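Text of the file run00.pdb, holding PDB, C-alpha atoms, pLDDT in the B column:
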```pdb
MODEL        1
ATOM      1  CA  MET W 185     -46.873 -20.655  42.029  1.00 53.00           C
ATOM      2  CA  SER W 186     -48.040 -19.609  38.651  1.00 54.00           C
ATOM      3  CA  ALA W 187     -47.953 -22.205  35.969  1.00 57.00           C
ATOM      4  CA  VAL W 188     -45.666 -21.687  32.989  1.00 56.00           C
ATOM      5  CA  THR W 189     -47.493 -22.169  29.785  1.00 56.00           C
ATOM      6  CA  ALA W 190     -45.344 -23.841  27.131  1.00 56.00           C
ATOM      7  CA  VAL W 191     -45.681 -22.313  23.699  1.00 51.00           C
ATOM      8  CA  PRO W 192     -45.444 -25.011  21.076  1.00 59.00           C
ATOM      9  CA  LEU W 193     -42.917 -24.341  18.294  1.00 52.00           C
ATOM     10  CA  ARG W 194     -44.152 -24.968  14.849  1.00 59.00           C
ATOM     11  CA  PRO W 195     -41.731 -27.116  12.836  1.00 59.00           C
ATOM     12  CA  LEU W 196     -40.263 -25.634   9.685  1.00 53.00           C
ATOM     13  CA  ALA W 197     -41.724 -26.871   6.508  1.00 59.00           C
ATOM     14  CA  ARG W 198     -39.472 -29.114   4.457  1.00 58.00           C
ATOM     15  CA  GLY W 199     -39.331 -26.563   1.635  1.00 61.00           C
ATOM     16  CA  SER W 200     -38.212 -23.805   4.027  1.00 61.00           C
ATOM     17  CA  VAL W 201     -35.292 -25.904   5.284  1.00 58.00           C
ATOM     18  CA  LEU W 202     -34.193 -26.534   1.718  1.00 62.00           C
ATOM     19  CA  LYS W 203     -34.353 -22.820   0.909  1.00 66.00           C
ATOM     20  CA  LEU W 204     -32.315 -22.022   4.029  1.00 64.00           C
ATOM     21  CA  TRP W 205     -29.575 -24.433   3.001  1.00 63.00           C
ATOM     22  CA  LEU W 206     -29.552 -23.030  -0.527  1.00 66.00           C
ATOM     23  CA  VAL W 207     -29.125 -19.484   0.801  1.00 61.00           C
ATOM     24  CA  LEU W 208     -26.268 -20.569   3.062  1.00 66.00           C
ATOM     25  CA  ALA W 209     -24.570 -22.397   0.186  1.00 64.00           C
ATOM     26  CA  LEU W 210     -24.862 -19.322  -2.034  1.00 66.00           C
ATOM     27  CA  LEU W 211     -23.360 -17.104   0.661  1.00 66.00           C
ATOM     28  CA  VAL W 212     -20.400 -19.472   1.113  1.00 59.00           C
ATOM     29  CA  ALA W 213     -19.850 -19.670  -2.646  1.00 58.00           C
ATOM     30  CA  ALA W 214     -20.001 -15.886  -2.979  1.00 56.00           C
ATOM     31  CA  ALA W 215     -17.467 -15.407  -0.177  1.00 55.00           C
ATOM     32  CA  ALA W 216     -15.115 -17.959  -1.756  1.00 53.00           C
ATOM     33  CA  GLY W 217     -15.492 -16.285  -5.143  1.00 52.00           C
ATOM     34  CA  LEU W 218     -14.648 -12.867  -3.758  1.00 51.00           C
ATOM     35  CA  ALA W 219     -11.610 -14.236  -1.944  1.00 49.00           C
ATOM     36  CA  TRP W 220     -10.399 -15.964  -5.123  1.00 44.00           C
ATOM     37  CA  TRP W 221     -10.954 -12.824  -7.214  1.00 47.00           C
ATOM     38  CA  ASP W 222      -9.025 -10.693  -4.730  1.00 48.00           C
ATOM     39  CA  THR W 223      -6.046 -13.049  -4.571  1.00 45.00           C
ATOM     40  CA  GLY W 224      -6.321 -14.238  -8.162  1.00 47.00           C
ATOM     41  CA  ARG W 225      -5.108 -10.876  -9.401  1.00 54.00           C
ATOM     42  CA  LEU W 226      -1.869 -11.530  -7.517  1.00 66.00           C
ATOM     43  CA  GLN W 227      -1.313 -15.024  -8.894  1.00 82.00           C
ATOM     44  CA  PRO W 228       1.862 -15.348 -11.008  1.00 88.00           C
ATOM     45  CA  VAL W 229       1.607 -15.139 -14.783  1.00 93.00           C
ATOM     46  CA  THR W 230       3.982 -17.344 -16.768  1.00 93.00           C
ATOM     47  CA  LEU W 231       4.983 -16.342 -20.311  1.00 93.00           C
ATOM     48  CA  GLU W 232       5.858 -18.766 -23.095  1.00 92.00           C
ATOM     49  CA  ASN W 233       9.600 -18.273 -22.554  1.00 92.00           C
ATOM     50  CA  GLY W 234       9.323 -19.276 -18.889  1.00 94.00           C
ATOM     51  CA  VAL W 235       9.380 -15.747 -17.432  1.00 96.00           C
ATOM     52  CA  GLN W 236       7.099 -15.545 -14.388  1.00 96.00           C
ATOM     53  CA  ILE W 237       5.525 -12.282 -13.203  1.00 96.00           C
ATOM     54  CA  ARG W 238       3.966 -11.911  -9.776  1.00 95.00           C
ATOM     55  CA  THR W 239       2.101  -8.718  -8.895  1.00 95.00           C
ATOM     56  CA  LEU W 240       2.760  -7.678  -5.304  1.00 94.00           C
ATOM     57  CA  ARG W 241       0.868  -4.393  -5.592  1.00 94.00           C
ATOM     58  CA  GLN W 242      -1.375  -3.313  -8.417  1.00 90.00           C
ATOM     59  CA  GLY W 243      -0.233  -0.206 -10.256  1.00 94.00           C
ATOM     60  CA  THR W 244      -2.382   2.428 -11.919  1.00 94.00           C
ATOM     61  CA  GLY W 245      -2.788   3.719 -15.445  1.00 95.00           C
ATOM     62  CA  PRO W 246      -1.924   1.980 -18.721  1.00 94.00           C
ATOM     63  CA  VAL W 247       0.660  -0.774 -18.992  1.00 95.00           C
ATOM     64  CA  MET W 248       4.195  -0.017 -20.155  1.00 95.00           C
ATOM     65  CA  THR W 249       4.882  -0.308 -23.916  1.00 95.00           C
ATOM     66  CA  SER W 250       7.965  -0.223 -26.122  1.00 94.00           C
ATOM     67  CA  ALA W 251       7.089   3.384 -27.022  1.00 95.00           C
ATOM     68  CA  ASP W 252       7.327   4.577 -23.401  1.00 95.00           C
ATOM     69  CA  VAL W 253      10.043   5.581 -20.944  1.00 95.00           C
ATOM     70  CA  VAL W 254      10.008   4.046 -17.472  1.00 95.00           C
ATOM     71  CA  ALA W 255      11.571   5.089 -14.171  1.00 95.00           C
ATOM     72  CA  MET W 256      11.939   2.252 -11.685  1.00 95.00           C
ATOM     73  CA  ARG W 257      13.974   0.772  -8.870  1.00 95.00           C
ATOM     74  CA  PHE W 258      14.900  -2.889  -8.643  1.00 93.00           C
ATOM     75  CA  VAL W 259      17.114  -5.436  -6.962  1.00 94.00           C
ATOM     76  CA  ILE W 260      18.236  -8.742  -8.464  1.00 94.00           C
ATOM     77  CA  ARG W 261      18.643 -12.012  -6.577  1.00 95.00           C
ATOM     78  CA  VAL W 262      19.292 -15.573  -7.696  1.00 95.00           C
ATOM     79  CA  ASN W 263      16.371 -18.022  -7.485  1.00 95.00           C
ATOM     80  CA  SER W 264      14.909 -16.956  -4.115  1.00 93.00           C
ATOM     81  CA  PRO W 265      13.582 -13.771  -2.459  1.00 92.00           C
ATOM     82  CA  GLU W 266      15.718 -14.741   0.544  1.00 93.00           C
ATOM     83  CA  ALA W 267      18.946 -14.868  -1.494  1.00 94.00           C
ATOM     84  CA  PRO W 268      21.422 -11.975  -1.135  1.00 93.00           C
ATOM     85  CA  VAL W 269      21.172  -9.052  -3.549  1.00 93.00           C
ATOM     86  CA  PHE W 270      23.919  -9.091  -6.157  1.00 87.00           C
ATOM     87  CA  ARG W 271      22.716  -6.183  -8.339  1.00 89.00           C
ATOM     88  CA  ASP W 272      20.485  -3.183  -7.637  1.00 89.00           C
ATOM     89  CA  SER W 273      19.562   0.117  -9.239  1.00 85.00           C
ATOM     90  CA  GLY W 274      21.157   2.143  -6.453  1.00 82.00           C
ATOM     91  CA  ARG W 275      19.843   5.353  -4.966  1.00 81.00           C
ATOM     92  CA  GLU W 276      18.990   6.871  -8.324  1.00 85.00           C
ATOM     93  CA  PRO W 277      16.214   5.074 -10.235  1.00 91.00           C
ATOM     94  CA  PHE W 278      16.864   3.441 -13.568  1.00 92.00           C
ATOM     95  CA  VAL W 279      15.396   5.505 -16.413  1.00 93.00           C
ATOM     96  CA  GLY W 280      15.131   4.013 -19.875  1.00 93.00           C
ATOM     97  CA  THR W 281      13.109   2.060 -22.408  1.00 94.00           C
ATOM     98  CA  VAL W 282      12.468  -1.645 -22.830  1.00 93.00           C
ATOM     99  CA  GLN W 283      15.321  -1.693 -25.368  1.00 92.00           C
ATOM    100  CA  ASP W 284      17.700  -0.940 -22.483  1.00 92.00           C
ATOM    101  CA  LEU W 285      16.602  -3.986 -20.467  1.00 93.00           C
ATOM    102  CA  PRO W 286      17.823  -7.598 -20.701  1.00 92.00           C
ATOM    103  CA  ALA W 287      15.788 -10.208 -22.507  1.00 93.00           C
ATOM    104  CA  GLY W 288      12.960 -11.652 -20.461  1.00 94.00           C
ATOM    105  CA  PHE W 289      12.808  -8.743 -18.051  1.00 95.00           C
ATOM    106  CA  ALA W 290      11.952  -6.416 -20.944  1.00 95.00           C
ATOM    107  CA  GLU W 291       8.903  -8.530 -21.779  1.00 95.00           C
ATOM    108  CA  ALA W 292       7.807  -8.544 -18.150  1.00 96.00           C
ATOM    109  CA  VAL W 293       8.085  -4.756 -17.836  1.00 96.00           C
ATOM    110  CA  GLN W 294       5.571  -4.420 -20.660  1.00 96.00           C
ATOM    111  CA  ARG W 295       2.972  -5.896 -18.306  1.00 95.00           C
ATOM    112  CA  MET W 296       3.621  -3.403 -15.511  1.00 96.00           C
ATOM    113  CA  ARG W 297       1.879  -0.190 -14.473  1.00 96.00           C
ATOM    114  CA  ALA W 298       3.091   2.923 -12.698  1.00 96.00           C
ATOM    115  CA  ARG W 299       3.355   2.691  -8.885  1.00 96.00           C
ATOM    116  CA  GLY W 300       3.135  -1.094  -8.989  1.00 96.00           C
ATOM    117  CA  LEU W 301       5.352  -3.623  -7.216  1.00 96.00           C
ATOM    118  CA  TYR W 302       6.368  -6.784  -9.061  1.00 97.00           C
ATOM    119  CA  ARG W 303       8.554  -9.854  -8.660  1.00 96.00           C
ATOM    120  CA  VAL W 304       9.822 -11.239 -11.961  1.00 97.00           C
ATOM    121  CA  SER W 305      11.626 -14.570 -12.325  1.00 96.00           C
ATOM    122  CA  VAL W 306      13.648 -14.818 -15.551  1.00 96.00           C
ATOM    123  CA  PRO W 307      15.501 -18.023 -16.481  1.00 96.00           C
ATOM    124  CA  VAL W 308      19.206 -17.361 -17.050  1.00 94.00           C
ATOM    125  CA  ARG W 309      18.979 -19.002 -20.471  1.00 94.00           C
ATOM    126  CA  VAL W 310      16.510 -16.260 -21.471  1.00 95.00           C
ATOM    127  CA  VAL W 311      18.665 -13.453 -20.066  1.00 92.00           C
ATOM    128  CA  MET W 312      21.773 -14.766 -21.836  1.00 91.00           C
ATOM    129  CA  ALA W 313      19.849 -15.209 -25.115  1.00 86.00           C
ATOM    130  CA  GLY W 314      21.730 -18.400 -26.015  1.00 82.00           C
ATOM    131  CA  GLN W 315      25.155 -17.107 -24.988  1.00 89.00           C
ATOM    132  CA  PRO W 316      27.211 -19.159 -22.488  1.00 91.00           C
ATOM    133  CA  VAL W 317      27.270 -18.023 -18.887  1.00 91.00           C
ATOM    134  CA  PRO W 318      30.645 -16.455 -17.996  1.00 90.00           C
ATOM    135  CA  PRO W 319      32.688 -18.593 -15.563  1.00 87.00           C
ATOM    136  CA  GLN W 320      32.884 -15.719 -13.060  1.00 88.00           C
ATOM    137  CA  ALA W 321      29.113 -15.158 -13.000  1.00 88.00           C
ATOM    138  CA  GLU W 322      27.257 -15.570  -9.720  1.00 88.00           C
ATOM    139  CA  PHE W 323      24.718 -17.914 -11.288  1.00 92.00           C
ATOM    140  CA  THR W 324      24.546 -20.920 -13.588  1.00 92.00           C
ATOM    141  CA  ALA W 325      22.574 -21.701 -16.720  1.00 92.00           C
ATOM    142  CA  ASN W 326      20.061 -23.631 -14.601  1.00 93.00           C
ATOM    143  CA  ASP W 327      19.272 -20.694 -12.311  1.00 95.00           C
ATOM    144  CA  SER W 328      16.719 -17.903 -12.551  1.00 95.00           C
ATOM    145  CA  LEU W 329      17.231 -14.209 -11.835  1.00 95.00           C
ATOM    146  CA  LEU W 330      14.656 -12.638  -9.550  1.00 96.00           C
ATOM    147  CA  PHE W 331      13.918  -8.963 -10.311  1.00 96.00           C
ATOM    148  CA  GLU W 332      12.074  -7.245  -7.451  1.00 96.00           C
ATOM    149  CA  THR W 333      10.780  -4.136  -9.182  1.00 96.00           C
ATOM    150  CA  GLN W 334       9.087  -0.899  -8.120  1.00 95.00           C
ATOM    151  CA  VAL W 335       7.734   1.125 -11.051  1.00 96.00           C
ATOM    152  CA  LEU W 336       7.886   4.807 -10.163  1.00 96.00           C
ATOM    153  CA  GLN W 337       6.656   6.475 -13.338  1.00 95.00           C
ATOM    154  CA  ILE W 338       5.839   5.779 -16.984  1.00 96.00           C
ATOM    155  CA  GLU W 339       6.093   8.502 -19.636  1.00 94.00           C
ATOM    156  CA  ALA W 340       3.897   7.432 -22.532  1.00 94.00           C
ATOM    157  CA  GLY W 341       5.250   7.796 -26.076  1.00 92.00           C
ATOM    158  CA  GLN W 342       8.613   9.301 -25.069  1.00 90.00           C
ATOM    159  CA  ALA W 343      10.933   6.450 -26.115  1.00 90.00           C
ATOM    160  CA  SER W 344      11.982   7.979 -29.460  1.00 91.00           C
ATOM    161  CA  ALA W 345      12.695  11.402 -27.967  1.00 90.00           C
ATOM    162  CA  PHE W 346      14.595   9.763 -25.120  1.00 88.00           C
ATOM    163  CA  GLN W 347      16.816   7.762 -27.464  1.00 87.00           C
ATOM    164  CA  MET W 348      17.449  10.783 -29.704  1.00 88.00           C
ATOM    165  CA  GLY W 349      18.429  12.858 -26.683  1.00 87.00           C
ATOM    166  CA  ARG W 350      20.833  10.125 -25.576  1.00 84.00           C
ATOM    167  CA  VAL W 351      22.472   9.999 -29.044  1.00 88.00           C
ATOM    168  CA  ARG W 352      22.863  13.793 -29.118  1.00 88.00           C
ATOM    169  CA  GLN W 353      24.516  13.798 -25.727  1.00 86.00           C
ATOM    170  CA  MET W 354      26.918  11.016 -26.732  1.00 88.00           C
ATOM    171  CA  MET W 355      27.869  12.935 -29.877  1.00 90.00           C
ATOM    172  CA  GLN W 356      28.440  16.099 -27.850  1.00 87.00           C
ATOM    173  CA  GLN W 357      30.655  14.232 -25.397  1.00 85.00           C
ATOM    174  CA  GLN W 358      32.707  12.822 -28.293  1.00 85.00           C
ATOM    175  CA  GLN W 359      33.122  16.299 -29.755  1.00 84.00           C
ATOM    176  CA  MET W 360      34.349  17.602 -26.409  1.00 85.00           C
ATOM    177  CA  GLN W 361      36.854  14.755 -26.098  1.00 83.00           C
ATOM    178  CA  GLN W 362      38.144  15.290 -29.654  1.00 80.00           C
ATOM    179  CA  GLY W 363      38.502  19.035 -29.124  1.00 70.00           C
ATOM    180  CA  GLY W 364      41.255  18.830 -26.475  1.00 52.00           C
ATOM    181  CA  PRO W 365      43.601  21.736 -25.595  1.00 49.00           C
ATOM    182  CA  GLY W 366      43.651  24.302 -28.354  1.00 46.00           C
ATOM    183  CA  GLY W 367      41.111  22.344 -30.373  1.00 46.00           C
ATOM    184  CA  PRO W 368      37.606  23.332 -31.336  1.00 48.00           C
ATOM    185  CA  ALA W 369      35.410  24.100 -28.400  1.00 47.00           C
ATOM    186  CA  GLY W 370      32.747  21.541 -27.704  1.00 44.00           C
ATOM    187  CA  PRO W 371      29.173  22.223 -26.595  1.00 41.00           C
ATOM    188  CA  PRO W 372      28.447  23.059 -22.985  1.00 43.00           C
ATOM    189  CA  PRO W 373      28.380  20.104 -20.560  1.00 42.00           C
ATOM    190  CA  GLY W 374      24.652  20.388 -20.181  1.00 40.00           C
ATOM    191  CA  GLY W 375      24.080  19.431 -23.810  1.00 38.00           C
ATOM    192  CA  ALA W 376      21.757  21.048 -26.281  1.00 35.00           C
ATOM    193  CA  PRO W 377      18.723  22.852 -24.901  1.00 35.00           C
ATOM    194  CA  GLY W 378      15.821  20.450 -24.523  1.00 38.00           C
ATOM    195  CA  ALA W 379      17.960  17.338 -24.836  1.00 37.00           C
ATOM    196  CA  THR W 380      16.581  14.354 -22.985  1.00 39.00           C
ATOM    197  CA  PRO W 381      18.972  13.072 -20.310  1.00 41.00           C
ATOM    198  CA  PRO W 382      20.373   9.549 -20.635  1.00 36.00           C
ATOM    199  CA  ALA W 383      19.438   6.683 -18.367  1.00 40.00           C
ATOM    200  CA  ALA W 384      20.464   7.139 -14.765  1.00 39.00           C
ATOM    201  CA  MET W 385      22.372   3.853 -14.796  1.00 36.00           C
ATOM    202  CA  PRO W 386      23.159   0.969 -17.160  1.00 39.00           C
ATOM    203  CA  PRO W 387      20.580  -1.778 -17.600  1.00 39.00           C
ATOM    204  CA  PRO W 388      20.640  -4.723 -15.216  1.00 42.00           C
ATOM    205  CA  ALA W 389      22.539  -7.055 -17.527  1.00 43.00           C
ATOM    206  CA  ALA W 390      24.234 -10.181 -16.254  1.00 42.00           C
ATOM    207  CA  PRO W 391      27.631  -9.518 -14.648  1.00 39.00           C
ATOM    208  CA  ARG W 392      30.593 -10.167 -16.889  1.00 35.00           C
TER     209      ARG W 392
ENDMDL
END
```

Would you mind writing the file's structure down as structure tokens?
Amino acid sequence: MSAVTAVPLRPLARGSVLKLWLVLALLVAAAAGLAWWDTGRLQPVTLENGVQIRTLRQGTGPVMTSADVVAMRFVIRVNSPEAPVFRDSGREPFVGTVQDLPAGFAEAVQRMRARGLYRVSVPVRVVMAGQPVPPQAEFTANDSLLFETQVLQIEAGQASAFQMGRVRQMMQQQQMQQGGPGGPAGPPPGGAPGATPPAAMPPPAAPR
């Protein structure tokens, strides 16, 4: 039988062991930092009035401003994502400006981007702006309304034109109603050429 010659292993120097542990520690710290950065973007943001905004999917482009028009879909629940829906935007998206939205939710929308998904918790006291909650409401003053929102599109700088188009259409509708049989003819149902259409549905205000 041939003899097996043992090859002696040289021990690592003390400095090499220390360097190895330092490298491992740096790798662990880097991995933890990347994980925190990736999830940190989705952490909720709480405003001074108690409104909480959680980003479920990052949008693209600039954030919404009071000068813009937004198209979005949403559902509203009370307190919990598991609670039943008591208000939603329906099949047609809501189209409007931040002035059309209830207090609290309007501030949250101005932190959103197109094609983003968001969950916004607004205390009822903020939505009601100091007014008492109606007895027939489906929530109390101690509850929060949960807006689950999908931003479809943001049209930058179109708020003024949108509001002017809405006023023109309302005036045209009033003229048609005042005309009546034998009265002055009102403008065509389509409104003036180039008029901006009104919002697809009323804002998600608290039920009366």

Of W:Ala290, W:Val262, W:Met354, W:Ala298, the one sitting nearest Glu322 of chain W when using all atoms listed in the file is W:Val262

Using only C-alpha atoms, which protein or nucleic acid residues come within 10 Å of Ala267 of chain W? Drop anything in the same chain fewer than 6 positions from it, and give the result as a ChimeraX atom specification. /W:260-261,330

Residue contacts of Arg309 of chain W (8 Å, all atoms listed in the file) excluding same-chain residues fewer than 3 positions away, as a list in words: Met312, Ala313, Gly314, Gln315, Ala325 and Asn326 of chain W

Quote the spacing between atom CA of Ala251 of chain W and atom CA of Gly341 of chain W in Å to one decimal place. 4.9 Å

Of the candidates W:Met355, W:Val279, W:Leu329, W:Met348, which shows the shortest atom-to-atom distance to Pro265 of chain W, using only C-alpha atoms? W:Leu329

Have a look at W:Tyr302, W:Phe331, W:Phe323, W:Phe346 and name the one nearest to Val229 of chain W; count all atoms listed in the file.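 Looking only at the distances to Val229 of chain W, the closest residue turns out to be W:Tyr302.
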
What is the distance between atom CA of Pro318 of chain W and atom CA of Phe289 of chain W, in Å to one decimal?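 Distance reported for this atom pair: 19.4 Å.
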
Applied to this file, what does the PyMOL selection byres ((chain W and resi 241) around 12) return in terms of residues, put as a ChimeraX atom specification? /W:222-223,225-227,237-240,242-244,296-303,332-335

My list of candidates is W:Pro228, W:Val293, W:Pro319, W:Leu336. Which is closest to Pro277 of chain W when distances are computed with all atoms listed in the file?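 Ranked by minimum distance to Pro277 of chain W, first place goes to W:Leu336.
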
Point-to-point distance in Å for atom CA of Pro286 of chain W and atom CA of Asp252 of chain W: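 So the two atoms, atom CA of Asp252 of chain W and atom CA of Pro286 of chain W, lie 16.3 Å apart.
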
Go through W:Leu285, W:Gly280, W:Arg271, W:Pro307 one by one, measure the shortest atom-to-atom distance of each to Phe258 of chain W using only C-alpha atoms, and give the residue with the smallest value.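 With only C-alpha atoms as the atom set, the closest residue is W:Arg271.
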
What would the selection look like, as a PyMOL selection string, if the PyMOL selection byres ((chain W and resi 288) around 7) were run on the coordinates I just shared? chain W and resi 235+286-287+289-292+306+310-311

Tell me which of W:Gln236, W:Gln359, W:Thr281, W:Ser264 sits closest to Ala340 of chain W, counting all atoms listed in the file.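 Using all atoms listed in the file, the shortest distance to Ala340 of chain W belongs to W:Thr281.
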
Mind dumping segment 264-295 of chain W from that block, keeping N, CA and C atoms, as a tab-separated table (two decimals), in the first residue's frame?
```
chain	number	residue	atom	x	y	z
W	264	SER	N	-60.28	49.77	8.06
W	264	SER	CA	-59.49	48.59	7.73
W	264	SER	C	-59.60	48.22	6.25
W	265	PRO	N	-58.50	47.72	5.66
W	265	PRO	CA	-58.58	47.23	4.27
W	265	PRO	C	-59.53	46.05	4.11
W	266	GLU	N	-59.84	45.37	5.21
W	266	GLU	CA	-60.75	44.23	5.15
W	266	GLU	C	-62.21	44.64	5.31
W	267	ALA	N	-62.47	45.90	5.65
W	267	ALA	CA	-63.85	46.36	5.84
W	267	ALA	C	-64.56	46.44	4.48
W	268	PRO	N	-65.89	46.32	4.48
W	268	PRO	CA	-66.62	46.41	3.21
W	268	PRO	C	-66.52	47.80	2.58
W	269	VAL	N	-66.60	47.84	1.26
W	269	VAL	CA	-66.56	49.11	0.53
W	269	VAL	C	-67.91	49.80	0.67
W	270	PHE	N	-67.89	51.08	1.07
W	270	PHE	CA	-69.16	51.80	1.14
W	270	PHE	C	-69.22	52.94	0.13
W	271	ARG	N	-68.14	53.23	-0.58
W	271	ARG	CA	-68.16	54.23	-1.65
W	271	ARG	C	-67.04	53.89	-2.63
W	272	ASP	N	-67.34	53.98	-3.93
W	272	ASP	CA	-66.29	53.77	-4.93
W	272	ASP	C	-66.55	54.66	-6.13
W	273	SER	N	-65.55	54.78	-6.98
W	273	SER	CA	-65.63	55.68	-8.13
W	273	SER	C	-66.43	55.08	-9.27
W	274	GLY	N	-66.79	53.80	-9.19
W	274	GLY	CA	-67.57	53.18	-10.24
W	274	GLY	C	-66.72	52.79	-11.44
W	275	ARG	N	-67.38	52.45	-12.51
W	275	ARG	CA	-66.67	52.00	-13.71
W	275	ARG	C	-65.89	53.13	-14.36
W	276	GLU	N	-66.49	54.31	-14.37
W	276	GLU	CA	-65.81	55.46	-14.96
W	276	GLU	C	-64.90	56.10	-13.92
W	277	PRO	N	-63.68	56.45	-14.28
W	277	PRO	CA	-62.77	57.07	-13.29
W	277	PRO	C	-63.24	58.46	-12.90
W	278	PHE	N	-62.88	58.85	-11.70
W	278	PHE	CA	-63.09	60.23	-11.27
W	278	PHE	C	-62.09	61.11	-12.00
W	279	VAL	N	-62.57	62.25	-12.51
W	279	VAL	CA	-61.70	63.22	-13.18
W	279	VAL	C	-61.96	64.56	-12.53
W	280	GLY	N	-60.92	65.20	-12.03
W	280	GLY	CA	-61.11	66.49	-11.38
W	280	GLY	C	-59.81	67.05	-10.85
W	281	THR	N	-59.93	68.05	-10.02
W	281	THR	CA	-58.78	68.72	-9.41
W	281	THR	C	-58.80	68.47	-7.91
W	282	VAL	N	-57.77	68.92	-7.22
W	282	VAL	CA	-57.74	68.72	-5.77
W	282	VAL	C	-58.85	69.50	-5.08
W	283	GLN	N	-59.34	70.58	-5.74
W	283	GLN	CA	-60.44	71.35	-5.16
W	283	GLN	C	-61.73	70.53	-5.11
W	284	ASP	N	-61.83	69.49	-5.91
W	284	ASP	CA	-63.02	68.65	-5.94
W	284	ASP	C	-63.00	67.54	-4.89
W	285	LEU	N	-61.90	67.40	-4.17
W	285	LEU	CA	-61.71	66.28	-3.25
W	285	LEU	C	-61.92	66.73	-1.81
W	286	PRO	N	-62.33	65.82	-0.93
W	286	PRO	CA	-62.54	66.18	0.48
W	286	PRO	C	-61.23	66.49	1.18
W	287	ALA	N	-61.34	67.24	2.24
W	287	ALA	CA	-60.16	67.62	3.02
W	287	ALA	C	-59.42	66.37	3.50
W	288	GLY	N	-58.13	66.46	3.54
W	288	GLY	CA	-57.30	65.32	3.94
W	288	GLY	C	-56.90	64.49	2.73
W	289	PHE	N	-57.87	64.00	2.00
W	289	PHE	CA	-57.57	63.23	0.80
W	289	PHE	C	-56.95	64.13	-0.26
W	290	ALA	N	-57.39	65.38	-0.34
W	290	ALA	CA	-56.82	66.32	-1.30
W	290	ALA	C	-55.33	66.54	-1.05
W	291	GLU	N	-54.95	66.64	0.23
W	291	GLU	CA	-53.53	66.81	0.54
W	291	GLU	C	-52.73	65.57	0.17
W	292	ALA	N	-53.32	64.40	0.39
W	292	ALA	CA	-52.62	63.16	0.07
W	292	ALA	C	-52.42	63.00	-1.44
W	293	VAL	N	-53.41	63.40	-2.23
W	293	VAL	CA	-53.30	63.26	-3.68
W	293	VAL	C	-52.13	64.08	-4.22
W	294	GLN	N	-51.81	65.17	-3.55
W	294	GLN	CA	-50.70	66.01	-4.00
W	294	GLN	C	-49.34	65.41	-3.66
W	295	ARG	N	-49.32	64.17	-3.23
W	295	ARG	CA	-48.08	63.41	-3.06
W	295	ARG	C	-48.06	62.18	-3.96
```
